[in-house]
$ cat entry-v3.pdb   # PDB, C-alpha atoms
ATOM      1  CA  MET A   1      29.791  19.367  29.251
ATOM      2  CA  PRO A   2      32.008  16.369  28.366
ATOM      3  CA  HIS A   3      32.751  16.010  24.654
ATOM      4  CA  ASP A   4      31.343  12.466  24.508
ATOM      5  CA  LEU A   5      28.024  13.497  26.087
ATOM      6  CA  LEU A   6      26.731  15.493  23.106
ATOM      7  CA  PRO A   7      26.892  12.582  20.604
ATOM      8  CA  MET A   8      25.168  10.374  23.169
ATOM      9  CA  LEU A   9      22.347  12.884  23.593
ATOM     10  CA  ARG A  10      21.952  13.185  19.825
ATOM     11  CA  GLU A  11      21.643   9.416  19.545
ATOM     12  CA  GLN A  12      19.004   9.367  22.263
ATOM     13  CA  VAL A  13      17.016  12.055  20.454
ATOM     14  CA  ARG A  14      17.282  10.098  17.210
ATOM     15  CA  ARG A  15      15.970   6.968  18.916
ATOM     16  CA  ILE A  16      13.032   8.914  20.334
ATOM     17  CA  GLU A  17      12.174  10.402  16.931
ATOM     18  CA  HIS A  18      12.524   7.115  15.002
ATOM     19  CA  PRO A  19      12.062   4.308  17.521
ATOM     20  CA  THR A  20      10.770   1.579  15.187
ATOM     21  CA  ALA A  21      13.300   2.208  12.427
ATOM     22  CA  THR A  22      16.104   2.157  14.998
ATOM     23  CA  THR A  23      14.926  -0.924  16.872
ATOM     24  CA  HIS A  24      13.694  -3.265  14.154
ATOM     25  CA  GLY A  25      15.169  -1.845  10.948
ATOM     26  CA  VAL A  26      13.474  -1.046   7.666
ATOM     27  CA  VAL A  27      12.649  -2.867   4.440
ATOM     28  CA  PRO A  28      13.153  -0.898   1.195
ATOM     29  CA  LEU A  29      10.142  -0.841  -1.126
ATOM     30  CA  GLY A  30      12.342  -0.899  -4.224
ATOM     31  CA  VAL A  31      11.385   2.545  -5.571
ATOM     32  CA  ALA A  32      14.209   4.963  -4.809
ATOM     33  CA  ALA A  33      12.041   8.093  -4.649
ATOM     34  CA  ILE A  34       9.626   6.510  -2.173
ATOM     35  CA  ASP A  35      12.387   5.006  -0.053
ATOM     36  CA  ARG A  36      14.069   8.413   0.213
ATOM     37  CA  ALA A  37      10.891   9.882   1.735
ATOM     38  CA  LEU A  38      10.764   7.201   4.443
ATOM     39  CA  PRO A  39      12.880   7.426   7.607
ATOM     40  CA  GLY A  40      15.847   5.095   7.358
ATOM     41  CA  GLY A  41      15.296   4.506   3.637
ATOM     42  CA  GLY A  42      12.397   2.062   3.784
ATOM     43  CA  LEU A  43       9.237   0.859   5.492
ATOM     44  CA  ALA A  44       9.713   0.540   9.247
ATOM     45  CA  ARG A  45       9.492  -2.995  10.595
ATOM     46  CA  GLY A  46       7.694  -3.518  13.864
ATOM     47  CA  ALA A  47       5.240  -0.703  13.178
ATOM     48  CA  LEU A  48       1.631  -0.138  12.141
ATOM     49  CA  HIS A  49       0.945   1.056   8.582
ATOM     50  CA  GLU A  50      -2.427   2.085   7.103
ATOM     51  CA  ILE A  51      -3.433   1.614   3.444
ATOM     52  CA  PHE A  52      -6.643   2.477   1.597
ATOM     53  CA  GLY A  53      -7.885   3.172  -1.921
ATOM     54  CA  THR A  54     -10.069   5.772  -3.566
ATOM     55  CA  ALA A  55     -13.605   5.847  -4.968
ATOM     56  CA  GLY A  56     -14.976   2.308  -5.416
ATOM     57  CA  ASP A  57     -11.767   0.756  -4.182
ATOM     58  CA  GLU A  58     -12.497   2.166  -0.725
ATOM     59  CA  GLU A  59     -15.002  -0.683  -0.573
ATOM     60  CA  ASP A  60     -13.366  -3.376  -2.729
ATOM     61  CA  GLY A  61      -9.863  -2.902  -1.335
ATOM     62  CA  ALA A  62      -8.240  -4.402  -4.449
ATOM     63  CA  LEU A  63      -5.506  -1.806  -4.938
ATOM     64  CA  ALA A  64      -4.823  -1.667  -1.216
ATOM     65  CA  ALA A  65      -4.416  -5.457  -1.201
ATOM     66  CA  ALA A  66      -2.121  -5.314  -4.237
ATOM     67  CA  PHE A  67       0.091  -2.660  -2.654
ATOM     68  CA  ALA A  68       0.119  -4.583   0.626
ATOM     69  CA  ALA A  69       1.057  -7.817  -1.181
ATOM     70  CA  GLY A  70       4.149  -6.130  -2.592
ATOM     71  CA  MET A  71       5.111  -4.939   0.893
ATOM     72  CA  LEU A  72       4.466  -8.364   2.397
ATOM     73  CA  ALA A  73       6.599 -10.109  -0.220
ATOM     74  CA  ARG A  74       9.558  -8.106   1.093
ATOM     75  CA  LEU A  75       8.630  -8.306   4.765
ATOM     76  CA  ALA A  76       8.132 -12.096   4.650
ATOM     77  CA  ALA A  77      11.493 -12.868   3.040
ATOM     78  CA  PRO A  78      12.389 -15.591   5.616
ATOM     79  CA  ALA A  79      10.920 -18.789   4.232
ATOM     80  CA  ASP A  80       9.917 -20.178   7.636
ATOM     81  CA  THR A  81       7.512 -17.357   8.528
ATOM     82  CA  ILE A  82       3.846 -16.839   7.767
ATOM     83  CA  VAL A  83       1.570 -13.879   7.092
ATOM     84  CA  LEU A  84      -1.617 -13.641   9.140
ATOM     85  CA  TRP A  85      -4.451 -12.007   7.150
ATOM     86  CA  CYS A  86      -7.609 -11.133   9.101
ATOM     87  CA  LEU A  87     -10.722 -10.230   7.123
ATOM     88  CA  ALA A  88     -14.508 -10.301   7.108
ATOM     89  CA  ARG A  89     -15.062 -11.260   3.450
ATOM     90  CA  PRO A  90     -13.253 -14.292   1.983
ATOM     91  CA  ASP A  91     -12.597 -12.552  -1.342
ATOM     92  CA  LEU A  92      -8.812 -12.715  -1.677
ATOM     93  CA  TYR A  93      -7.634 -14.184  -4.985
ATOM     94  CA  GLY A  94      -4.503 -16.324  -4.642
ATOM     95  CA  PRO A  95      -3.090 -15.960  -8.189
ATOM     96  CA  GLY A  96      -3.411 -12.184  -7.885
ATOM     97  CA  LEU A  97      -1.385 -12.186  -4.672
ATOM     98  CA  ALA A  98       1.214 -14.460  -6.256
ATOM     99  CA  ALA A  99       1.521 -12.085  -9.217
ATOM    100  CA  HIS A 100       2.574  -9.378  -6.765
ATOM    101  CA  GLY A 101       5.190 -11.609  -5.154
ATOM    102  CA  LEU A 102       3.272 -13.016  -2.169
ATOM    103  CA  ASP A 103       3.013 -16.811  -2.042
ATOM    104  CA  PRO A 104      -0.587 -17.697  -1.039
ATOM    105  CA  ALA A 105       0.715 -20.873   0.615
ATOM    106  CA  ARG A 106       2.297 -18.728   3.316
ATOM    107  CA  LEU A 107      -0.995 -17.074   4.257
ATOM    108  CA  VAL A 108      -3.039 -17.965   7.309
ATOM    109  CA  LEU A 109      -6.531 -16.490   6.932
ATOM    110  CA  VAL A 110      -8.664 -15.506   9.918
ATOM    111  CA  ARG A 111     -12.288 -14.651   9.173
ATOM    112  CA  ALA A 112     -14.271 -12.613  11.677
ATOM    113  CA  PRO A 113     -17.605 -10.822  11.154
ATOM    114  CA  ARG A 114     -16.866  -7.651  13.151
ATOM    115  CA  ASP A 115     -14.064  -5.090  13.158
ATOM    116  CA  ALA A 116     -13.501  -5.489  16.901
ATOM    117  CA  GLU A 117     -12.821  -9.206  16.461
ATOM    118  CA  ILE A 118     -10.449  -8.556  13.550
ATOM    119  CA  LEU A 119      -8.506  -6.036  15.631
ATOM    120  CA  TRP A 120      -8.314  -8.549  18.503
ATOM    121  CA  ALA A 121      -7.016 -11.262  16.138
ATOM    122  CA  MET A 122      -4.407  -8.848  14.772
ATOM    123  CA  GLU A 123      -3.101  -8.045  18.235
ATOM    124  CA  GLU A 124      -2.876 -11.730  19.120
ATOM    125  CA  GLY A 125      -1.046 -12.389  15.862
ATOM    126  CA  LEU A 126       1.504  -9.679  16.606
ATOM    127  CA  ARG A 127       2.335 -11.503  19.836
ATOM    128  CA  SER A 128       2.851 -14.871  18.120
ATOM    129  CA  ARG A 129       6.118 -16.461  17.044
ATOM    130  CA  GLY A 130       6.891 -17.268  13.429
ATOM    131  CA  VAL A 131       4.709 -14.440  12.062
ATOM    132  CA  ALA A 132       6.418 -12.075   9.610
ATOM    133  CA  ALA A 133       3.490  -9.648   9.329
ATOM    134  CA  VAL A 134      -0.156  -9.250  10.262
ATOM    135  CA  VAL A 135      -2.819  -7.778   7.974
ATOM    136  CA  GLY A 136      -6.284  -6.678   9.001
ATOM    137  CA  GLU A 137      -9.177  -5.364   6.894
ATOM    138  CA  VAL A 138     -11.332  -3.037   8.973
ATOM    139  CA  GLY A 139     -13.726  -0.168   8.513
ATOM    140  CA  THR A 140     -13.911   1.272  12.032
ATOM    141  CA  LEU A 141     -10.620   1.909  13.835
ATOM    142  CA  PRO A 142     -10.860   3.265  17.403
ATOM    143  CA  ASP A 143      -7.875   5.330  18.460
ATOM    144  CA  VAL A 144      -7.231   3.058  21.457
ATOM    145  CA  ALA A 145      -7.153  -0.010  19.197
ATOM    146  CA  SER A 146      -4.641   1.605  16.842
ATOM    147  CA  ARG A 147      -2.375   2.485  19.787
ATOM    148  CA  ARG A 148      -2.555  -1.081  21.085
ATOM    149  CA  LEU A 149      -1.569  -2.435  17.659
ATOM    150  CA  GLN A 150       1.316   0.015  17.349
ATOM    151  CA  LEU A 151       2.629  -0.845  20.826
ATOM    152  CA  ALA A 152       2.341  -4.592  20.163
ATOM    153  CA  ALA A 153       4.125  -4.219  16.815
ATOM    154  CA  GLU A 154       6.961  -2.258  18.455
ATOM    155  CA  ARG A 155       7.304  -4.674  21.349
ATOM    156  CA  PHE A 156       7.379  -7.899  19.326
ATOM    157  CA  GLY A 157       8.974  -6.556  16.124
ATOM    158  CA  VAL A 158       6.165  -7.737  13.834
ATOM    159  CA  THR A 159       4.856  -5.391  11.134
ATOM    160  CA  ALA A 160       1.103  -4.684  11.008
ATOM    161  CA  LEU A 161      -0.786  -3.498   7.931
ATOM    162  CA  LEU A 162      -4.287  -2.059   8.207
ATOM    163  CA  LEU A 163      -6.338  -2.189   4.994
ATOM    164  CA  ARG A 164      -9.298   0.150   5.358
ATOM    165  CA  ARG A 165     -12.537  -0.994   3.685
ATOM    166  CA  TRP A 166     -15.627   1.144   4.119
ATOM    167  CA  PHE A 167     -18.994  -0.265   3.088
ATOM    168  CA  ASN A 168     -20.988   2.961   2.798
ATOM    169  CA  GLY A 169     -20.424   6.660   2.265
ATOM    170  CA  GLY A 170     -21.253   7.622   5.833
ATOM    171  CA  GLN A 171     -18.633   5.302   7.279
ATOM    172  CA  ALA A 172     -16.043   6.493   4.771
ATOM    173  CA  ALA A 173     -16.748  10.144   5.592
ATOM    174  CA  ARG A 174     -16.382   9.501   9.332
ATOM    175  CA  GLU A 175     -13.260   7.376   9.222
ATOM    176  CA  ARG A 176     -11.212   8.617   6.262
ATOM    177  CA  ASN A 177      -9.392  11.473   7.980
ATOM    178  CA  LEU A 178      -9.503  10.450  11.628
ATOM    179  CA  PRO A 179      -6.062  10.395  13.314
ATOM    180  CA  ASN A 180      -4.604   7.118  14.549
ATOM    181  CA  ALA A 181      -1.302   5.683  15.756
ATOM    182  CA  ALA A 182      -0.108   4.315  12.374
ATOM    183  CA  ALA A 183       3.468   5.215  11.451
ATOM    184  CA  THR A 184       2.487   5.752   7.805
ATOM    185  CA  ARG A 185      -0.764   6.315   5.905
ATOM    186  CA  TRP A 186      -0.942   5.389   2.209
ATOM    187  CA  ARG A 187      -3.617   6.094  -0.414
ATOM    188  CA  ILE A 188      -3.490   4.135  -3.679
ATOM    189  CA  ALA A 189      -5.412   5.137  -6.812
ATOM    190  CA  THR A 190      -5.559   3.567 -10.244
ATOM    191  CA  LEU A 191      -4.520   5.533 -13.326
ATOM    192  CA  PRO A 192      -5.039   4.743 -17.030
ATOM    193  CA  SER A 193      -2.539   2.163 -18.191
ATOM    194  CA  ARG A 194      -0.218   2.902 -21.076
ATOM    195  CA  PRO A 195      -1.142   0.638 -24.029
ATOM    196  CA  ILE A 196       1.460  -1.968 -24.922
ATOM    197  CA  PRO A 197       1.680  -4.314 -27.941
ATOM    198  CA  ILE A 198       0.302  -7.776 -27.217
ATOM    199  CA  PRO A 199       2.629 -10.548 -28.477
ATOM    200  CA  PRO A 200       1.161 -13.414 -30.546
ATOM    201  CA  PHE A 201       1.592 -15.759 -27.560
ATOM    202  CA  PRO A 202       1.127 -13.717 -24.370
ATOM    203  CA  SER A 203       3.306 -14.832 -21.493
ATOM    204  CA  ARG A 204       4.185 -13.652 -18.035
ATOM    205  CA  SER A 205       7.664 -12.676 -19.209
ATOM    206  CA  MET A 206       6.150 -10.322 -21.786
ATOM    207  CA  GLY A 207       4.300  -8.370 -19.135
ATOM    208  CA  PHE A 208       0.825  -9.931 -19.251
ATOM    209  CA  PRO A 209      -1.564  -7.812 -17.122
ATOM    210  CA  MET A 210      -1.903  -8.721 -13.456
ATOM    211  CA  PRO A 211      -4.793 -10.965 -12.393
ATOM    212  CA  PRO A 212      -7.321  -9.473  -9.984
ATOM    213  CA  LEU A 213      -6.725  -9.368  -6.232
ATOM    214  CA  ARG A 214     -10.373  -9.780  -5.266
ATOM    215  CA  HIS A 215     -12.751 -12.387  -6.604
ATOM    216  CA  PRO A 216     -15.609 -10.501  -8.344
ATOM    217  CA  ARG A 217     -18.282 -12.905  -7.138
ATOM    218  CA  ALA A 218     -17.105 -12.755  -3.517
ATOM    219  CA  SER A 219     -17.049  -8.961  -3.776
ATOM    220  CA  GLU A 220     -20.761  -9.010  -4.638
ATOM    221  CA  GLY A 221     -20.273  -8.294  -8.312
ATOM    222  CA  ARG A 222     -18.724  -4.849  -7.924
ATOM    223  CA  GLY A 223     -15.607  -5.954  -9.795
ATOM    224  CA  VAL A 224     -12.104  -4.766  -9.142
ATOM    225  CA  ALA A 225     -11.034  -1.213  -9.936
ATOM    226  CA  GLY A 226      -8.165  -1.177 -12.397
ATOM    227  CA  THR A 227      -7.694  -4.973 -12.427
ATOM    228  CA  ALA A 228     -10.641  -6.337 -14.427
ATOM    229  CA  ALA A 229      -9.897  -8.906 -17.096
ATOM    230  CA  VAL A 230      -9.773  -7.481 -20.627
ATOM    231  CA  ALA A 231     -10.667  -9.546 -23.671
ATOM    232  CA  LEU A 232      -7.625  -9.856 -25.903
ATOM    233  CA  GLY A 233      -8.075  -8.938 -29.554
ATOM    234  CA  SER A 234      -7.057 -11.323 -32.312
ATOM    235  CA  ARG A 235      -5.985  -8.689 -34.847
ATOM    236  CA  TRP A 236      -2.344  -8.939 -35.899
ATOM    237  CA  ARG A 237      -0.281  -7.110 -38.448
ATOM    238  CA  ALA A 238       2.974  -8.170 -40.071
ATOM    239  CA  VAL A 239       5.980  -5.860 -39.903
ATOM    240  CA  GLU A 240       9.571  -6.264 -40.994
ATOM    241  CA  ASP A 241      10.670  -7.515 -37.582
ATOM    242  CA  GLY A 242       8.006 -10.210 -37.411
ATOM    243  CA  LEU A 243       4.451 -10.675 -36.216
ATOM    244  CA  VAL A 244       3.270  -8.270 -33.514
ATOM    245  CA  SER A 245      -0.127  -7.196 -32.291
ATOM    246  CA  GLN A 246      -1.896  -3.941 -32.725
ATOM    247  CA  VAL A 247      -1.877  -1.784 -29.619
ATOM    248  CA  GLU A 248      -5.044  -2.571 -27.700
ATOM    249  CA  PRO A 249      -6.555   0.260 -25.627
ATOM    250  CA  GLY A 250      -6.662  -0.524 -21.945
ATOM    251  CA  VAL A 251      -4.246  -3.440 -22.067
ATOM    252  CA  GLY A 252      -1.102  -2.483 -20.209
ATOM    253  CA  HIS A 253       0.827  -2.665 -16.983
ATOM    254  CA  PRO A 254      -1.059  -1.548 -13.860
ATOM    255  CA  HIS A 255      -0.486   2.172 -13.347
ATOM    256  CA  TRP A 256      -0.970   3.628  -9.867
ATOM    257  CA  ARG A 257      -0.790   6.902  -8.016
ATOM    258  CA  VAL A 258       0.831   6.217  -4.638
ATOM    259  CA  GLU A 259       0.328   8.910  -2.000
ATOM    260  CA  LEU A 260       2.110   8.939   1.323
ATOM    261  CA  LEU A 261      -0.327  11.096   3.258
ATOM    262  CA  ARG A 262       1.401  10.869   6.619
ATOM    263  CA  CYS A 263       4.772   9.575   7.755
ATOM    264  CA  ARG A 264       6.057   9.793  11.297
ATOM    265  CA  GLY A 265       9.519  11.354  11.122
ATOM    266  CA  GLY A 266       9.308  11.679   7.336
ATOM    267  CA  ALA A 267       7.685  13.739   4.604
ATOM    268  CA  ALA A 268       4.496  13.347   2.596
ATOM    269  CA  GLY A 269       4.787  12.629  -1.114
ATOM    270  CA  CYS A 270       3.012  11.501  -4.268
ATOM    271  CA  TRP A 271       4.332   9.267  -7.054
ATOM    272  CA  GLU A 272       3.139   7.583 -10.231
ATOM    273  CA  VAL A 273       4.333   3.985 -10.562
ATOM    274  CA  GLU A 274       3.848   0.992 -12.846
ATOM    275  CA  VAL A 275       3.751  -2.649 -11.805
ATOM    276  CA  ARG A 276       5.684  -4.959 -14.107
ATOM    277  CA  GLY A 277       6.215  -8.596 -13.289
ATOM    278  CA  GLY A 278       4.926  -8.001  -9.758
ATOM    279  CA  LYS A 279       7.493  -5.249  -9.088
ATOM    280  CA  VAL A 280       6.648  -1.592  -8.629
ATOM    281  CA  ARG A 281       8.638   0.673 -10.936
ATOM    282  CA  GLU A 282       8.914   4.401 -10.702
ATOM    283  CA  GLY A 283       7.133   6.564 -13.258
ATOM    284  CA  LYS A 284       6.700  10.272 -12.701
ATOM    285  CA  VAL A 285       7.835  11.537  -9.325
ATOM    286  CA  ALA A 286       5.791  14.382  -7.851
ATOM    287  CA  ASP A 287       7.331  16.878  -5.481
ATOM    288  CA  ALA A 288       5.544  18.852  -2.780
ATOM    289  CA  ALA A 289       3.957  21.165  -5.360
ATOM    290  CA  ASP A 290       2.286  18.152  -7.019
ATOM    291  CA  ILE A 291       0.636  16.735  -3.905
ATOM    292  CA  VAL A 292      -3.104  16.673  -4.437
ATOM    293  CA  SER A 293      -4.982  19.933  -3.969
ATOM    294  CA  LEU A 294      -2.306  22.286  -2.663
ATOM    295  CA  ALA A 295      -3.544  25.859  -2.769
ATOM    296  CA  ALA A 296      -2.120  28.077  -5.523
ATOM    297  CA  THR A 297      -0.316  30.266  -2.966
ATOM    298  CA  MET A 298       1.540  27.200  -1.668
ATOM    299  CA  ALA A 299       2.373  25.523  -4.966
ATOM    300  CA  ASP A 300       5.761  27.195  -5.408
ATOM    301  CA  ARG A 301       6.994  26.542  -1.891
ATOM    302  CA  SER A 302       9.840  24.105  -1.390
ATOM    303  CA  GLN A 303       9.162  20.762   0.235
ATOM    304  CA  ALA A 304       9.079  20.948   4.020
ATOM    305  CA  PRO A 305      11.980  19.299   5.855
ATOM    306  CA  VAL A 306      11.709  15.839   7.338
ATOM    307  CA  GLY A 307       9.804  15.856  10.595
ATOM    308  CA  SER A 308       7.512  18.749   9.687
ATOM    309  CA  ASN A 309       4.477  16.428   9.519
ATOM    310  CA  VAL A 310       3.231  17.663   6.139
ATOM    311  CA  LEU A 311      -0.203  16.342   5.258
ATOM    312  CA  ALA A 312      -1.815  16.142   1.837
ATOM    313  CA  SER A 313      -5.195  17.854   1.623
ATOM    314  CA  ASP A 314      -8.299  15.970   0.540
ATOM    315  CA  THR A 315     -10.060  19.058  -0.782
ATOM    316  CA  GLY A 316      -9.905  20.748  -4.132
ATOM    317  CA  SER A 317     -10.354  19.852  -7.763
ATOM    318  CA  GLU A 318      -9.708  16.129  -7.394
ATOM    319  CA  ARG A 319     -12.189  15.038  -4.761
ATOM    320  CA  ILE A 320     -12.640  11.451  -3.746
ATOM    321  CA  ARG A 321     -15.980   9.908  -4.701
ATOM    322  CA  ARG A 322     -17.546   8.291  -1.674
ATOM    323  CA  THR A 323     -18.885   4.792  -1.930
ATOM    324  CA  GLY A 324     -22.378   3.766  -0.949
TER     325      GLY A 324
END
$ encode --input "entry-v3.pdb" --output "structure tokens"
Amino acid sequence: MPHDLLPMLREQVRRIEHPTATTHGVVPLGVAAIDRALPGGGLARGALHEIFGTAGDEEDGALAAAFAAGMLARLAAPADTIVLWCLARPDLYGPGLAAHGLDPARLVLVRAPRDAEILWAMEEGLRSRGVAAVVGEVGTLPDVASRRLQLAAERFGVTALLLRRWFNGGQAARERNLPNAAATRWRIATLPSRPIPIPPFPSRSMGFPMPPLRHPRASEGRGVAGTAAVALGSRWRAVEDGLVSQVEPGVGHPHWRVELLRCRGGAAGCWEVEVRGGKVREGKVADAADIVSLAATMADRSQAPVGSNVLASDTGSERIRRTG
């Protein structure tokens, strides 16, 4: 075998294993621990990615939209591109998207009543010029439709994000764990925020809490998990360094648990992060033993190598509450 043939074969194998990362590149998410778990050191461009929440947010989709907005802010860096967002309910809240780095002026909204029409609009958007990314909010995702979206994303180099929103418990139970063609699958959950002192004159630079991503009225009054407005107290105390507030319970930076449930060519993982000034910052990093609901006999095992297709289990002590 010629000496130059072996490196060529290795490169061909690498391209087969990581086609989207090789062809269209990646965009780092800005959290080193998460980027290390992703092939190529970031989110693959020109690929399909799936995002959903937990409990009530499986219906509201607020945390999923917030996480997607942070991704889109990085994906849509060229100023002359747009983001196509396809949805059934017109409940996006512009200031909330802006707080996570996504300019609402760059959004083109497509409203369709049925999932099939949203999926069709997404595929057409992936084939269009000047589109940085396409987002679709769907409940039902046929396997054929997911493969069509993945192939279109690969062919045209446009990233597709699927935000899953299920409107009843039966739909959530059917769809939550079904396989599809997405390169990554993310689950985002809210955690209790760490209280922070409120300055006398709250400002964005001081870390004022993020505005909501969904309009409560448009979401039929259910509110937004983890992003509801909190009445600010007016109690202040004087200290030697000046006037500061008392620590108010519940007022703090958004605190999330980010789970990478599936990653083609990568490894599953779980992290705790905070959002400050629209940027996700790393908190506690969980290794394979901390992924939700691993059996006790598996908890001490080392993390599986990249490419082993490790999946996080949905059973155990921390079950997801179904909506509906």
$ resolve_selection --input "entry-v3.pdb" --expression "the PyMOL selection byres ((chain A and resi 160) around 6)" --output "count of residues only"
6
$ residues_around --input "entry-v3.pdb" --residues "A:Glu123" --least-positions-apart "6" --cutoff "12 Å" --atoms "all atoms listed in the file" --output "ChimeraX atom specification"
/A:48,84-86,116-117,131,133-136,145-156,158-162
$ resolve_selection --input "entry-v3.pdb" --expression "the PyMOL selection byres ((chain A and resi 129) around 10)" --output "CSV table (one decimal) with C-alpha atoms, in the frame of the given file"
chain,number,residue,atom,x,y,z
A,81,THR,CA,7.5,-17.4,8.5
A,82,ILE,CA,3.8,-16.8,7.8
A,125,GLY,CA,-1.0,-12.4,15.9
A,126,LEU,CA,1.5,-9.7,16.6
A,127,ARG,CA,2.3,-11.5,19.8
A,128,SER,CA,2.9,-14.9,18.1
A,130,GLY,CA,6.9,-17.3,13.4
A,131,VAL,CA,4.7,-14.4,12.1
A,132,ALA,CA,6.4,-12.1,9.6
A,156,PHE,CA,7.4,-7.9,19.3
A,158,VAL,CA,6.2,-7.7,13.8
$ resolve_selection --input "entry-v3.pdb" --expression "the PyMOL selection byres ((chain A and resi 57-74) around 6)" --output "PyMOL selection string"
chain A and resi 51-56+75-77+100-102+165-167+213-214
$ closest_residue --input "entry-v3.pdb" --among "A:Cys270, A:Leu97, A:Ala88, A:Leu163" --to "A:Val110" --atoms "only C-alpha atoms"
A:Ala88
$ atom_distance --input "entry-v3.pdb" --atom1 "atom CA of A:Ala98" --atom2 "atom CA of A:Pro192"
22.9 Å
$ closest_residue --input "entry-v3.pdb" --among "A:Arg194, A:Ala44, A:Trp120, A:Gln171" --to "A:Gly265" --atoms "only C-alpha atoms"
A:Ala44
$ closest_residue --input "entry-v3.pdb" --among "A:Arg264, A:Arg114, A:Arg276, A:Arg257" --to "A:Ala181" --atoms "only C-alpha atoms"
A:Arg264
$ atom_distance --input "entry-v3.pdb" --atom1 "atom CA of A:Gly42" --atom2 "atom CA of A:Asp143"
25.2 Å
$ atom_distance --input "entry-v3.pdb" --atom1 "atom CA of A:Arg45" --atom2 "atom CA of A:Thr23"
8.6 Å
$ closest_residue --input "entry-v3.pdb" --among "A:Glu137, A:Thr184, A:Arg10, A:Pro195" --to "A:Ala37" --atoms "only C-alpha atoms"
A:Thr184
